[in-house]
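Structure file structure_37.txt with compact mmCIF, C-alpha atoms:
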# COMPACT_ATOMS: atom_id res chain seq x y z
CA MET X 19 0.65 -65.44 -14.32
CA ASN X 20 1.38 -68.35 -11.98
CA TYR X 21 -2.31 -68.93 -11.33
CA LEU X 22 -3.00 -69.09 -15.05
CA ARG X 23 -0.20 -71.60 -15.47
CA TRP X 24 -1.67 -73.62 -12.65
CA ILE X 25 -5.09 -73.88 -14.29
CA ALA X 26 -3.54 -76.27 -16.76
CA VAL X 27 -1.78 -78.23 -14.04
CA CYS X 28 -5.10 -78.73 -12.21
CA VAL X 29 -6.49 -80.28 -15.36
CA VAL X 30 -3.46 -82.43 -15.94
CA LEU X 31 -3.30 -83.89 -12.46
CA THR X 32 -6.66 -85.50 -12.77
CA LEU X 33 -5.11 -87.78 -14.66
CA GLY X 34 0.99 -103.03 -17.61
CA VAL X 35 0.36 -100.04 -20.03
CA GLY X 36 -2.07 -100.75 -22.85
CA THR X 37 -2.81 -98.96 -26.07
CA THR X 38 -5.33 -98.78 -28.86
CA ALA X 39 -2.78 -97.37 -31.27
CA VAL X 40 -3.06 -98.30 -34.93
CA ALA X 41 0.16 -98.61 -36.90
CA ALA X 42 1.25 -95.14 -37.92
CA GLY X 43 1.67 -96.02 -41.55
CA ALA X 44 -1.74 -97.65 -41.99
CA GLN X 45 -3.30 -96.46 -45.23
CA SER X 46 -4.68 -97.77 -48.47
CA SER X 47 -2.16 -98.09 -51.29
CA SER X 48 -4.77 -98.44 -54.04
CA GLU X 49 -6.50 -95.08 -53.70
CA THR X 50 -5.39 -91.67 -54.88
CA PRO X 51 -6.06 -89.17 -52.09
CA LYS X 52 -8.55 -86.43 -52.86
CA ALA X 53 -10.23 -83.60 -50.96
CA THR X 54 -12.80 -85.09 -48.56
CA ASP X 55 -13.73 -82.39 -46.04
CA VAL X 56 -12.75 -79.02 -44.62
CA GLY X 57 -9.02 -79.15 -43.95
CA ILE X 58 -8.39 -82.28 -46.02
CA THR X 59 -7.05 -81.79 -49.54
CA ASP X 60 -5.49 -84.32 -51.85
CA LYS X 61 -2.07 -83.53 -50.38
CA GLU X 62 -2.59 -82.10 -46.88
CA ILE X 63 -4.48 -82.58 -43.62
CA HIS X 64 -4.82 -79.30 -41.75
CA VAL X 65 -4.99 -79.48 -37.96
CA ALA X 66 -5.58 -76.51 -35.65
CA VAL X 67 -3.92 -75.81 -32.34
CA ILE X 68 -5.63 -73.05 -30.37
CA ALA X 69 -3.41 -71.95 -27.51
CA ASP X 70 -2.66 -68.98 -25.24
CA VAL X 71 0.84 -67.77 -26.11
CA ASP X 72 1.26 -64.06 -26.85
CA SER X 73 -0.19 -62.36 -23.78
CA PRO X 74 1.33 -59.72 -21.48
CA LEU X 75 -0.48 -61.41 -18.57
CA ALA X 76 1.51 -64.64 -19.02
CA PRO X 77 3.97 -64.56 -21.94
CA ASN X 78 4.39 -67.90 -23.69
CA LEU X 79 1.90 -69.54 -21.29
CA PHE X 80 1.14 -72.56 -23.48
CA LYS X 81 3.90 -72.22 -26.03
CA ALA X 82 5.01 -75.71 -25.04
CA SER X 83 1.66 -77.03 -26.29
CA VAL X 84 2.31 -75.47 -29.69
CA ASP X 85 5.87 -76.79 -29.70
CA GLY X 86 4.57 -80.24 -28.84
CA ILE X 87 1.99 -80.47 -31.62
CA GLN X 88 4.36 -78.97 -34.17
CA GLY X 89 7.02 -81.49 -33.14
CA TRP X 90 4.47 -84.30 -33.51
CA ALA X 91 3.63 -83.15 -37.04
CA LYS X 92 7.30 -82.94 -37.98
CA TYR X 93 7.84 -86.47 -36.66
CA THR X 94 4.73 -87.84 -38.40
CA ASN X 95 5.66 -86.27 -41.73
CA SER X 96 9.17 -87.69 -41.48
CA LYS X 97 8.04 -91.31 -41.33
CA ALA X 98 9.23 -93.70 -44.02
CA GLY X 99 7.00 -94.33 -47.01
CA GLY X 100 5.97 -90.73 -47.48
CA GLY X 101 5.03 -89.95 -43.91
CA GLY X 102 1.93 -88.06 -42.86
CA LEU X 103 -1.50 -89.60 -42.41
CA ALA X 104 -3.92 -91.07 -44.96
CA GLY X 105 -1.44 -90.38 -47.75
CA ARG X 106 -1.22 -86.66 -46.90
CA LYS X 107 1.15 -84.37 -45.05
CA ILE X 108 0.10 -82.87 -41.73
CA VAL X 109 -0.04 -79.07 -41.62
CA ILE X 110 -0.41 -77.34 -38.24
CA ASP X 111 -2.35 -74.08 -38.18
CA PHE X 112 -1.66 -72.18 -34.96
CA TYR X 113 -4.30 -69.75 -33.68
CA ASP X 114 -3.15 -67.68 -30.71
CA SER X 115 -5.99 -67.26 -28.22
CA LYS X 116 -3.85 -64.82 -26.20
CA LEU X 117 -5.68 -65.36 -22.89
CA ASN X 118 -8.50 -63.39 -24.47
CA PRO X 119 -12.11 -64.58 -24.85
CA ALA X 120 -12.58 -62.79 -28.19
CA GLU X 121 -9.35 -64.19 -29.65
CA THR X 122 -10.31 -67.62 -28.37
CA LYS X 123 -13.66 -67.44 -30.13
CA ASN X 124 -11.95 -66.21 -33.31
CA GLY X 125 -9.60 -69.20 -33.12
CA GLU X 126 -12.55 -71.57 -32.95
CA ILE X 127 -14.26 -69.88 -35.90
CA THR X 128 -11.11 -69.90 -38.04
CA ALA X 129 -10.33 -73.52 -37.18
CA CYS X 130 -13.86 -74.45 -38.24
CA GLN X 131 -13.24 -72.79 -41.61
CA ASN X 132 -9.77 -74.23 -42.26
CA ASP X 133 -9.09 -77.39 -40.28
CA VAL X 134 -10.46 -80.89 -39.92
CA ALA X 135 -9.87 -80.96 -36.15
CA ALA X 136 -8.45 -79.04 -33.19
CA VAL X 137 -5.64 -80.92 -31.47
CA GLY X 138 -3.71 -79.93 -28.34
CA THR X 139 -6.16 -77.11 -27.57
CA SER X 140 -4.83 -75.08 -24.62
CA ALA X 141 -7.04 -72.03 -24.11
CA VAL X 142 -8.04 -70.88 -20.63
CA PHE X 143 -10.96 -68.79 -21.86
CA LEU X 144 -12.56 -71.42 -24.06
CA THR X 145 -15.70 -71.26 -21.97
CA SER X 146 -18.18 -71.97 -24.76
CA VAL X 147 -18.07 -74.73 -27.35
CA ASP X 148 -20.91 -73.32 -29.47
CA GLU X 149 -18.60 -72.31 -32.32
CA MET X 150 -17.13 -75.80 -32.49
CA ARG X 151 -20.46 -77.61 -32.12
CA ASN X 152 -22.08 -75.52 -34.88
CA CYS X 153 -19.19 -76.10 -37.27
CA LYS X 154 -20.25 -77.22 -40.76
CA ASP X 155 -18.43 -79.74 -42.92
CA SER X 156 -17.69 -79.36 -46.63
CA THR X 157 -21.25 -80.41 -47.54
CA GLY X 158 -22.80 -77.74 -45.33
CA ALA X 159 -23.97 -80.21 -42.70
CA VAL X 160 -23.43 -79.34 -39.04
CA THR X 161 -21.03 -82.03 -37.86
CA GLY X 162 -18.96 -80.14 -35.31
CA LEU X 163 -15.20 -79.79 -35.01
CA PRO X 164 -13.38 -82.75 -33.39
CA ASP X 165 -11.46 -81.42 -30.39
CA ILE X 166 -8.66 -83.22 -28.54
CA PRO X 167 -7.67 -80.65 -25.91
CA PHE X 168 -4.94 -80.57 -23.32
CA VAL X 169 -6.21 -77.61 -21.28
CA SER X 170 -9.97 -77.60 -20.79
CA THR X 171 -11.03 -75.36 -17.92
CA ALA X 172 -14.77 -75.18 -18.57
CA LEU X 173 -17.14 -78.04 -17.83
CA VAL X 174 -18.89 -77.49 -21.16
CA GLN X 175 -15.68 -78.43 -22.97
CA GLN X 176 -14.53 -81.12 -20.53
CA CYS X 177 -17.82 -82.99 -20.80
CA SER X 178 -18.71 -82.15 -24.40
CA ASP X 179 -19.37 -85.26 -26.47
CA GLU X 180 -17.31 -83.60 -29.23
CA SER X 181 -14.21 -83.05 -27.07
CA PHE X 182 -11.83 -85.78 -25.95
CA PRO X 183 -9.54 -84.35 -23.23
CA ILE X 184 -6.07 -85.83 -22.92
CA ALA X 185 -6.24 -84.71 -19.27
CA PRO X 186 -9.66 -86.08 -18.24
CA PRO X 187 -11.85 -83.87 -16.03
CA GLN X 188 -11.93 -84.50 -12.30
CA VAL X 189 -15.70 -84.74 -12.20
CA LEU X 190 -17.52 -87.74 -13.64
CA CYS X 191 -19.55 -85.94 -16.27
CA ASP X 192 -22.75 -87.87 -15.69
CA THR X 193 -22.78 -86.59 -12.09
CA ALA X 194 -22.03 -82.93 -12.85
CA THR X 195 -25.61 -81.84 -12.05
CA ASP X 196 -25.94 -84.08 -8.99
CA HIS X 197 -25.50 -82.99 -5.38
CA PRO X 198 -22.96 -84.16 -4.39
CA GLN X 199 -20.94 -84.79 -7.53
CA THR X 200 -18.53 -87.70 -7.99
CA PHE X 201 -14.88 -86.85 -8.64
CA GLN X 202 -12.00 -89.06 -9.72
CA ALA X 203 -8.44 -88.74 -8.46
CA ASP X 204 -5.19 -90.51 -9.34
CA VAL X 205 -3.58 -91.30 -5.98
CA ALA X 206 -1.04 -93.89 -7.14
CA ARG X 207 1.90 -92.19 -5.45
CA GLY X 208 0.16 -92.22 -2.08
CA TYR X 209 0.59 -95.96 -1.70
CA TYR X 210 4.35 -95.61 -2.10
CA TYR X 211 4.47 -92.95 0.60
CA LEU X 212 2.40 -95.01 3.02
CA ASP X 213 4.39 -98.17 2.38
CA LYS X 214 7.76 -96.45 2.73
CA TYR X 215 7.07 -94.06 5.60
CA GLY X 216 4.25 -95.77 7.49
CA LYS X 217 0.54 -95.25 7.93
CA ASP X 218 0.94 -92.24 10.21
CA LEU X 219 1.67 -89.69 7.53
CA HIS X 220 -0.09 -86.41 8.25
CA GLY X 221 0.50 -82.81 7.39
CA ILE X 222 -0.65 -79.76 5.49
CA TYR X 223 -2.25 -79.25 2.10
CA VAL X 224 -1.98 -75.85 0.45
CA PHE X 225 -4.57 -75.03 -2.24
CA GLY X 226 -4.65 -72.15 -4.70
CA SER X 227 -7.10 -69.40 -3.76
CA ASP X 228 -7.08 -67.29 -6.92
CA SER X 229 -10.46 -68.66 -7.98
CA LYS X 230 -13.02 -71.10 -6.67
CA SER X 231 -12.73 -73.29 -9.76
CA ALA X 232 -8.96 -73.65 -9.37
CA ARG X 233 -9.32 -74.37 -5.66
CA ASP X 234 -12.03 -76.96 -6.31
CA ALA X 235 -9.96 -78.62 -9.03
CA SER X 236 -6.88 -79.06 -6.87
CA PHE X 237 -8.91 -80.16 -3.83
CA ALA X 238 -10.80 -82.76 -5.87
CA SER X 239 -7.67 -84.25 -7.41
CA LEU X 240 -4.54 -83.57 -5.35
CA GLY X 241 -6.44 -83.47 -2.09
CA GLY X 242 -7.52 -87.04 -2.78
CA LEU X 243 -4.50 -88.51 -0.98
CA ARG X 244 -6.34 -88.01 2.31
CA ASP X 245 -9.05 -90.43 1.19
CA ILE X 246 -6.90 -93.44 0.26
CA GLY X 247 -8.62 -96.44 1.80
CA GLY X 248 -11.68 -94.40 2.74
CA VAL X 249 -12.65 -90.89 3.75
CA ASN X 250 -9.79 -89.35 5.76
CA GLN X 251 -8.05 -92.73 6.00
CA GLY X 252 -5.00 -91.83 3.93
CA ILE X 253 -2.49 -89.00 4.42
CA LYS X 254 -4.43 -87.00 6.97
CA SER X 255 -4.62 -83.23 6.96
CA ASP X 256 -3.41 -81.35 10.03
CA GLU X 257 -4.86 -78.28 8.36
CA ASP X 258 -5.72 -77.04 4.87
CA PHE X 259 -4.48 -73.63 3.79
CA ASP X 260 -5.42 -71.44 0.83
CA ARG X 261 -2.81 -69.23 -0.81
CA SER X 262 -2.74 -67.07 -3.91
CA SER X 263 -0.21 -67.92 -6.59
CA ARG X 264 1.18 -64.45 -5.89
CA ALA X 265 1.77 -65.12 -2.19
CA THR X 266 5.19 -64.15 -0.85
CA GLN X 267 7.38 -66.43 1.26
CA SER X 268 6.35 -64.61 4.44
CA GLU X 269 2.77 -65.74 3.81
CA TYR X 270 3.95 -69.32 4.40
CA THR X 271 5.29 -68.55 7.87
CA GLU X 272 2.10 -69.58 9.69
CA ILE X 273 1.90 -72.75 7.60
CA VAL X 274 5.36 -73.88 8.66
CA GLN X 275 4.58 -72.94 12.25
CA LYS X 276 1.50 -75.17 12.08
CA MET X 277 3.61 -78.00 10.71
CA LYS X 278 6.05 -77.62 13.61
CA SER X 279 3.34 -77.50 16.28
CA SER X 280 1.50 -80.49 14.79
CA GLY X 281 4.59 -82.57 14.16
CA SER X 282 3.64 -82.76 10.49
CA ASN X 283 5.67 -85.22 8.44
CA TYR X 284 3.99 -84.46 5.10
CA GLY X 285 3.56 -81.28 3.08
CA GLN X 286 2.01 -80.59 -0.32
CA CYS X 287 1.49 -77.32 -2.14
CA THR X 288 -0.87 -77.98 -5.02
CA GLY X 289 -0.25 -74.68 -6.80
CA PRO X 290 2.48 -73.65 -9.22
CA TYR X 291 6.02 -74.68 -8.38
CA THR X 292 6.72 -71.25 -6.88
CA CYS X 293 4.35 -72.23 -4.07
CA THR X 294 6.44 -75.29 -3.23
CA ILE X 295 9.63 -73.25 -3.40
CA SER X 296 8.25 -70.67 -0.94
CA LEU X 297 7.06 -73.41 1.39
CA ARG X 298 10.39 -75.25 1.30
CA LYS X 299 12.46 -72.11 1.75
CA GLU X 300 10.36 -71.00 4.70
CA ALA X 301 10.69 -74.47 6.23
CA ALA X 302 14.46 -74.25 5.88
CA LEU X 303 14.44 -70.78 7.41
CA GLN X 304 12.51 -72.02 10.44
CA GLY X 305 14.63 -75.16 10.81
CA LEU X 306 11.84 -77.64 10.01
CA THR X 307 13.73 -80.86 9.30
CA ASP X 308 11.36 -83.67 10.32
CA VAL X 309 9.21 -83.80 7.18
CA LYS X 310 9.39 -87.20 5.51
CA VAL X 311 7.48 -86.34 2.35
CA TRP X 312 7.56 -83.05 0.48
CA ASP X 313 5.03 -83.82 -2.22
CA CYS X 314 4.40 -82.19 -5.60
CA GLY X 315 2.90 -82.97 -8.99
CA VAL X 316 3.99 -82.40 -12.56
CA GLN X 317 4.58 -78.68 -11.98
CA CYS X 318 7.74 -79.47 -10.01
CA TYR X 319 9.16 -81.73 -12.72
CA ASP X 320 10.85 -78.77 -14.34
CA LYS X 321 14.41 -77.51 -14.54
CA LEU X 322 13.12 -74.05 -13.66
CA PHE X 323 11.93 -75.45 -10.32
CA ILE X 324 15.30 -77.08 -9.65
CA ASN X 325 17.22 -73.93 -10.54
CA ALA X 326 14.99 -71.62 -8.50
CA GLY X 327 14.76 -73.87 -5.47
CA GLY X 328 18.42 -74.80 -5.19
CA GLY X 329 19.47 -76.77 -2.15
CA ASP X 330 16.27 -75.92 -0.28
CA VAL X 331 14.23 -78.30 -2.47
CA GLU X 332 16.55 -81.29 -2.24
CA GLY X 333 14.58 -84.49 -1.63
CA GLN X 334 11.45 -83.10 -3.27
CA TYR X 335 9.06 -85.62 -4.79
CA ALA X 336 7.44 -84.88 -8.16
CA ASP X 337 4.72 -87.15 -9.49
CA THR X 338 4.24 -87.25 -13.26
CA LEU X 339 1.49 -88.71 -15.42
CA PHE X 340 3.96 -89.12 -18.28
CA LEU X 341 7.33 -90.80 -18.63
CA PRO X 342 10.07 -88.56 -17.22
CA PHE X 343 11.54 -86.92 -20.29
CA TYR X 344 14.74 -85.77 -18.55
CA SER X 345 15.63 -89.44 -18.06
CA LYS X 346 17.97 -90.85 -20.71
CA ALA X 347 17.03 -94.35 -19.55
CA ASP X 348 13.34 -93.67 -20.20
CA GLN X 349 14.13 -92.25 -23.63
CA LYS X 350 16.04 -95.43 -24.39
CA ALA X 351 13.24 -97.64 -23.05
CA ASN X 352 10.45 -95.91 -24.98
CA PRO X 353 11.14 -94.97 -28.62
CA MET X 354 8.20 -92.56 -28.76
CA LEU X 355 9.55 -90.59 -25.79
CA ALA X 356 12.89 -90.35 -27.58
CA ASN X 357 11.05 -88.97 -30.61
CA VAL X 358 9.29 -86.37 -28.47
CA VAL X 359 12.60 -85.08 -27.16
CA LYS X 360 14.20 -85.21 -30.60
CA TYR X 361 11.48 -83.46 -32.58
CA VAL X 362 10.32 -80.97 -29.95
CA GLY X 363 13.86 -80.28 -28.76
CA ALA X 364 15.57 -81.11 -25.47
CA ASP X 365 15.67 -77.39 -24.65
CA LYS X 366 11.92 -76.91 -25.24
CA ILE X 367 10.29 -80.08 -24.02
CA ALA X 368 7.90 -79.63 -21.08
CA GLY X 369 4.90 -81.35 -19.56
CA TYR X 370 2.48 -79.27 -21.64
CA GLY X 371 4.29 -80.38 -24.80
CA MET X 372 4.08 -84.03 -23.76
CA TYR X 373 0.31 -83.82 -23.58
CA ALA X 374 -0.01 -81.94 -26.86
CA TRP X 375 2.09 -84.66 -28.53
CA ALA X 376 -0.19 -87.27 -26.94
CA ALA X 377 -3.20 -85.45 -28.41
CA GLY X 378 -1.55 -85.73 -31.82
CA LEU X 379 -1.18 -89.48 -31.35
CA ALA X 380 -4.86 -89.79 -30.44
CA PHE X 381 -5.71 -87.97 -33.67
CA ARG X 382 -3.34 -90.30 -35.53
CA ASP X 383 -5.04 -93.36 -34.09
CA ALA X 384 -8.48 -92.11 -35.11
CA VAL X 385 -7.36 -91.32 -38.66
CA ASN X 386 -5.51 -94.59 -39.12
CA ALA X 387 -8.44 -96.59 -37.78
CA GLN X 388 -10.71 -94.92 -40.32
CA VAL X 389 -8.25 -95.52 -43.16
CA LYS X 390 -8.19 -99.18 -42.22
CA ALA X 391 -12.00 -99.27 -42.15
CA GLY X 392 -12.78 -97.29 -45.30
CA GLY X 393 -9.67 -96.14 -47.13
CA VAL X 394 -7.78 -92.86 -47.36
CA ASN X 395 -10.74 -90.97 -48.78
CA SER X 396 -13.14 -91.96 -46.00
CA VAL X 397 -11.52 -89.62 -43.48
CA THR X 398 -13.84 -86.73 -42.58
CA ARG X 399 -14.81 -84.89 -39.44
CA LYS X 400 -17.75 -87.25 -39.00
CA THR X 401 -15.65 -90.40 -39.25
CA ILE X 402 -12.95 -88.93 -36.98
CA PHE X 403 -15.65 -88.45 -34.34
CA GLU X 404 -16.73 -92.04 -34.84
CA GLN X 405 -13.21 -93.38 -34.35
CA LEU X 406 -12.39 -91.17 -31.36
CA ASN X 407 -15.44 -92.58 -29.63
CA LYS X 408 -13.92 -96.05 -29.95
CA ILE X 409 -10.63 -95.16 -28.24
CA ASN X 410 -10.83 -96.16 -24.62
CA LYS X 411 -7.59 -97.38 -23.07
CA PHE X 412 -5.10 -94.89 -24.47
CA ASP X 413 -1.48 -94.31 -23.50
CA ALA X 414 0.03 -92.50 -26.51
CA ASP X 415 2.41 -95.35 -27.32
CA GLY X 416 3.29 -95.66 -23.66
CA ILE X 417 4.40 -92.07 -22.96
CA ILE X 418 1.44 -91.10 -20.75
CA ALA X 419 -0.31 -92.95 -17.95
CA PRO X 420 -3.22 -94.83 -19.55
CA ILE X 421 -6.58 -93.07 -19.61
CA ASP X 422 -10.05 -93.83 -20.96
CA LEU X 423 -10.08 -91.22 -23.72
CA ALA X 424 -13.64 -91.70 -24.97
CA GLY X 425 -15.00 -92.28 -21.48
CA ARG X 426 -13.07 -89.40 -19.87
CA GLY X 427 -11.63 -91.70 -17.25
CA ALA X 428 -8.56 -90.64 -15.25
CA SER X 429 -5.55 -92.88 -14.88
CA SER X 430 -4.66 -95.03 -11.89
CA CYS X 431 -0.95 -94.86 -12.73
CA SER X 432 1.98 -92.46 -12.42
CA VAL X 433 5.75 -92.19 -12.13
CA LEU X 434 7.16 -90.86 -8.87
CA ASN X 435 10.46 -88.98 -9.09
CA GLN X 436 12.65 -87.59 -6.31
CA LEU X 437 15.17 -84.78 -6.48
CA LYS X 438 18.58 -86.13 -5.50
CA ASN X 439 21.76 -84.08 -5.81
CA GLY X 440 20.04 -81.56 -8.06
CA ALA X 441 18.48 -84.03 -10.53
CA TYR X 442 15.26 -86.02 -10.57
CA VAL X 443 15.56 -89.79 -10.18
CA ARG X 444 12.83 -92.37 -10.66
CA VAL X 445 11.81 -93.99 -7.37
CA GLU X 446 8.49 -95.71 -8.16
CA PRO X 447 8.58 -97.74 -10.25
CA THR X 448 12.33 -97.83 -10.81
CA LYS X 449 12.18 -99.64 -14.16
CA PRO X 450 12.53 -97.15 -17.06
CA GLY X 451 9.63 -96.93 -19.46
CA THR X 452 7.03 -98.11 -16.94
CA PHE X 453 4.31 -96.66 -14.72
CA GLY X 454 3.30 -97.64 -11.23
CA CYS X 455 -0.34 -98.75 -11.28
CA PRO X 456 -1.36 -99.87 -7.78
CA LYS X 457 -4.71 -101.43 -7.07
CA ASN X 458 -7.18 -98.61 -6.35
CA GLY X 459 -4.74 -96.08 -7.80
CA ARG X 460 -7.82 -94.19 -9.02
CA ILE X 461 -10.36 -93.39 -6.35
CA LEU X 462 -13.81 -91.79 -6.46
CA ARG X 463 -14.79 -89.03 -4.04
CA LYS X 464 -18.22 -87.59 -3.29
CA LEU X 465 -17.90 -83.81 -3.04
CA ASP X 466 -20.47 -81.05 -3.50
CA LEU X 467 -18.40 -78.43 -5.28
CA PHE X 468 -20.80 -77.17 -7.97
CA THR X 469 -23.40 -74.75 -6.66
CA SER X 470 -25.52 -74.81 -9.81
Just give me the structure as C-alpha cells.
Amino acid sequence: MNYLRWIAVCVVLTLGVGTTAVAAGAQSSSETPKATDVGITDKEIHVAVIADVDSPLAPNLFKASVDGIQGWAKYTNSKAGGGGLAGRKIVIDFYDSKLNPAETKNGEITACQNDVAAVGTSAVFLTSVDEMRNCKDSTGAVTGLPDIPFVSTALVQQCSDESFPIAPPQVLCDTATDHPQTFQADVARGYYYLDKYGKDLHGIYVFGSDSKSARDASFASLGGLRDIGGVNQGIKSDEDFDRSSRATQSEYTEIVQKMKSSGSNYGQCTGPYTCTISLRKEAALQGLTDVKVWDCGVQCYDKLFINAGGGDVEGQYADTLFLPFYSKADQKANPMLANVVKYVGADKIAGYGMYAWAAGLAFRDAVNAQVKAGGVNSVTRKTIFEQLNKINKFDADGIIAPIDLAGRGASSCSVLNQLKNGAYVRVEPTKPGTFGCPKNGRILRKLDLFTS
C-alpha cells in the first residue's frame, strides 16, 4: 500500500508567483446556454474524476483527489451571480478505478460517454490513453477527452498532447526516446540547506525499490539535490540505498551505521513517510545526533506523519510544492487556499486534494478563456483543448508552485517547512502566501533511465 501511495508522490515532487487565471465569473450575459457537446447541457457541465479509491490493496488511496475536485465544484457553484462555469453548474462524476486496469479502462470509456473532460485523474493503472484519444464528441468526430491529471504514472499519459499534468513529468518529453534522457528536478530547498548549514553537506539517499519506475522517478527528481551547481556538486551522497516501502525499522540499521561511520550530516528517504519514520527512529535508537538536515518532501507534510513519528521526528524538514494548508497565516494570505480548506474540509484536506483542486482551476481557466473568446455556447472538448494549450505559467491562483502547464515544465519554487514542537512552521520563505524561487531552482539532469 505504501508503495502505491508513493507512486503519486514521485509524480508530485517533479514539480514572484504568476498566473494565467481568467476571472471565475467570466461569461456572456447575452446568450442562453444550450447543449454544445458531450457532458455539456443547457444547465450542467459534467466533469469526470477517475481515481483509485475502493481497493483492498490500498483503501482510500486517492480519496483525497476526489474530495479535492468535489470541493472545487462546490466552491465554483457557490460563486455569486449563479456560480458554475459558462452559465452552467458543475457536476462531478466519480469513476472508481480501484487500482484495477479493467476498472480504469471502464472509467475512461464511461467518462468519454458522459463528460466533457477528466479532471484530477489519479489512477495508477492508467497505462494506455487509447480510450481517451479515440473519444468522439457529440458530432461523432474523434476529438479526444481533455485530461488534467494529478497522478500520471505512465509516460504515454504524462507526455500525451491531450493530457496536461498538474504534476509535470520528470522527463522532458521530447527527450524520452533519447539516450540519455533529460530530466527536470525542483531543487529549490537545496539552496536553503547549503546557505544555512554550509557547502559540506553530505549523507545518504534512500530510494524506493518496489519497482524500477518508482526508483527512477525518485532518483531523477529527489536525487537531484546532489547535482546543484553541477554533477555531484551539491549535497553529496555518502551512499545510496534502496528499500521497499514494506521495509521494517531493522532494515535501516545498516543505513544509520553508514551515516555514523561517514559522519553524514544529511539524510533523505524519498519513499512514503513511513520510510522517514523508520530512518529517524533507528537513528534515535543508535544515538545518531549529528545530522543537520533530515530532509523530506510533501509526503511528510501530514498529520499522520507527525502523530506516528512523535518526538523522534522533531526538526524534520518537509518541502511542499503548494502553500502549507495547515498554516492559518497562509490561509489568511491566500483566499483560494482558505477556500480549499473550507470547501474540502479541514479534516480531509491533503496534498492530493490540493492538486486535484488545482486541476479544477486549470479547467476553469480554459473554460473561461473560451467563453471570453466565443461565448458560453462555444465551449466544447475541442475548444477546451485549444485553451489548455495556451496556459503556460500556471499557479492555481497562487496555491501551487508555478508550472508550465501546456509545456509540462516543472517548477523552480517550493515552500520549506520544519517540524518544531510537534507542528510544521514555515522556514523558507517565511512570508505567508509566498514561495521560494531561487535562481536555478529547476535543474536539468542527463540520465539514461529508459531502456527502450
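For the pair CA of Val205 in chain X and CA of Phe182 in chain X, the interatomic distance is 22.3 Å.
Among X:Arg261, X:Lys81, X:His64, X:Lys214, the residue with the shortest atom-to-atom distance to Gly226 in chain X, counting all atoms listed in the file, is X:Arg261.
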> With only C-alpha atoms as the atoms that count, which of X:Ala302, X:Ala203, X:Met277, X:Cys293 lies nearest to Ile246 in chain X?
Replying inline: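 Among the listed residues, X:Ala203 lies closest to Ile246 in chain X.
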>> Neighbouring residues of Cys314 in chain X were defined as those with any atom within 9 Å, considering all atoms listed in the file; residues of the same chain fewer than 3 positions away were excluded. Please report them as a ChimeraX atom specification.
In response: /X:285-289,291,294,317-319,334-337
> Of the candidates X:Lys217, X:His197, X:Arg399, X:Lys116, which one gets nearest to Thr469 in chain X if we count all atoms listed in the file?
Replying inline: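 Checking each of X:Lys217, X:His197, X:Arg399, X:Lys116 against Thr469 in chain X, counting all atoms listed in the file, the winner is X:His197.
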>> Residues near Arg106 in chain X, anyone? I mean within 7 Å using all atoms listed in the file, not counting same-chain ones fewer than 4 positions away, as a PyMOL selection string.
In response: chain X and resi 60-63+102
> Of the candidates X:Cys177, X:Ser396, X:Glu332, X:Gly416, which shows the shortest atom-to-atom distance to Met354 in chain X, using all atoms listed in the file?
Replying inline: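 Of the candidates, the smallest distance to Met354 in chain X is held by X:Gly416.
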> CA of Ala235 in chain X to CA of Ala129 in chain X: how many Å, to one decimal?
Replying inline: 28.6 Å
>> My list of candidates is X:Tyr442, X:Phe225, X:Tyr211, X:Trp375. Which is closest to Ile324 in chain X when distances are computed with all atoms listed in the file?
In response: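 Looking at the shortest contact to Ile324 in chain X, the residue is X:Tyr442.
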Which neighbours of range 154-167 of chain X fall inside 7 Å, counting all atoms listed in the file, when residues of the same chain fewer than 5 positions from it are skipped, and could you give them as a PDB file with C-alpha atoms, keeping the file's coordinate frame?
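Result file out.pdb:
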ATOM      1  CA  ASP X  55     -13.730 -82.390 -46.040  1.00  0.00           C
ATOM      2  CA  VAL X  56     -12.750 -79.020 -44.620  1.00  0.00           C
ATOM      3  CA  CYS X 130     -13.860 -74.450 -38.240  1.00  0.00           C
ATOM      4  CA  VAL X 134     -10.460 -80.890 -39.920  1.00  0.00           C
ATOM      5  CA  ALA X 135      -9.870 -80.960 -36.150  1.00  0.00           C
ATOM      6  CA  ALA X 136      -8.450 -79.040 -33.190  1.00  0.00           C
ATOM      7  CA  VAL X 137      -5.640 -80.920 -31.470  1.00  0.00           C
ATOM      8  CA  GLY X 138      -3.710 -79.930 -28.340  1.00  0.00           C
ATOM      9  CA  THR X 139      -6.160 -77.110 -27.570  1.00  0.00           C
ATOM     10  CA  SER X 140      -4.830 -75.080 -24.620  1.00  0.00           C
ATOM     11  CA  GLU X 180     -17.310 -83.600 -29.230  1.00  0.00           C
ATOM     12  CA  SER X 181     -14.210 -83.050 -27.070  1.00  0.00           C
ATOM     13  CA  PHE X 182     -11.830 -85.780 -25.950  1.00  0.00           C
ATOM     14  CA  PRO X 183      -9.540 -84.350 -23.230  1.00  0.00           C
ATOM     15  CA  ILE X 184      -6.070 -85.830 -22.920  1.00  0.00           C
ATOM     16  CA  ALA X 377      -3.200 -85.450 -28.410  1.00  0.00           C
ATOM     17  CA  ARG X 399     -14.810 -84.890 -39.440  1.00  0.00           C
ATOM     18  CA  LYS X 400     -17.750 -87.250 -39.000  1.00  0.00           C
ATOM     19  CA  PHE X 403     -15.650 -88.450 -34.340  1.00  0.00           C
TER      20      PHE X 403
END
>> Env of Lys366 in chain X: 9 Å cut, atoms = only C-alpha atoms, seq-sep filter 6 positions within chain, self excluded. Answer as a ChimeraX atom specification.
In response: /X:82,85-86,359
>> Which residue is closest to Gly427 in chain X? Choose from X:Leu79, X:Ala265, X:Cys191, X:Leu240 and count all atoms listed in the file.
In response: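 Between X:Leu79, X:Ala265, X:Cys191, X:Leu240, the residue approaching Gly427 in chain X most closely is X:Cys191.
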Return the padded bounding box of range 435-445 of chain X as AutoDock Vina command-line options: axis-aligned, built from all atoms listed in the file, 6 Å added on each side, with centre and edge lengths in Å to one decimal.
--center_x 16.1 --center_y -87.8 --center_z -8.1 --size_x 23.3 --size_y 24.4 --size_z 17.2
>> List as an MDAnalysis selection string the protein and nucleic acid residues near Cys431 in chain X, meaning an atom at most 10 Å away when all atoms listed in the file are counted, but skip any in the same chain fewer than 5 places from it.
In response: chainID X and resid 33:35 204:207 338:340 418:421 452:460
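What separates CA of Leu467 in chain X from CA of Ser231 in chain X is a distance of 8.9 Å.
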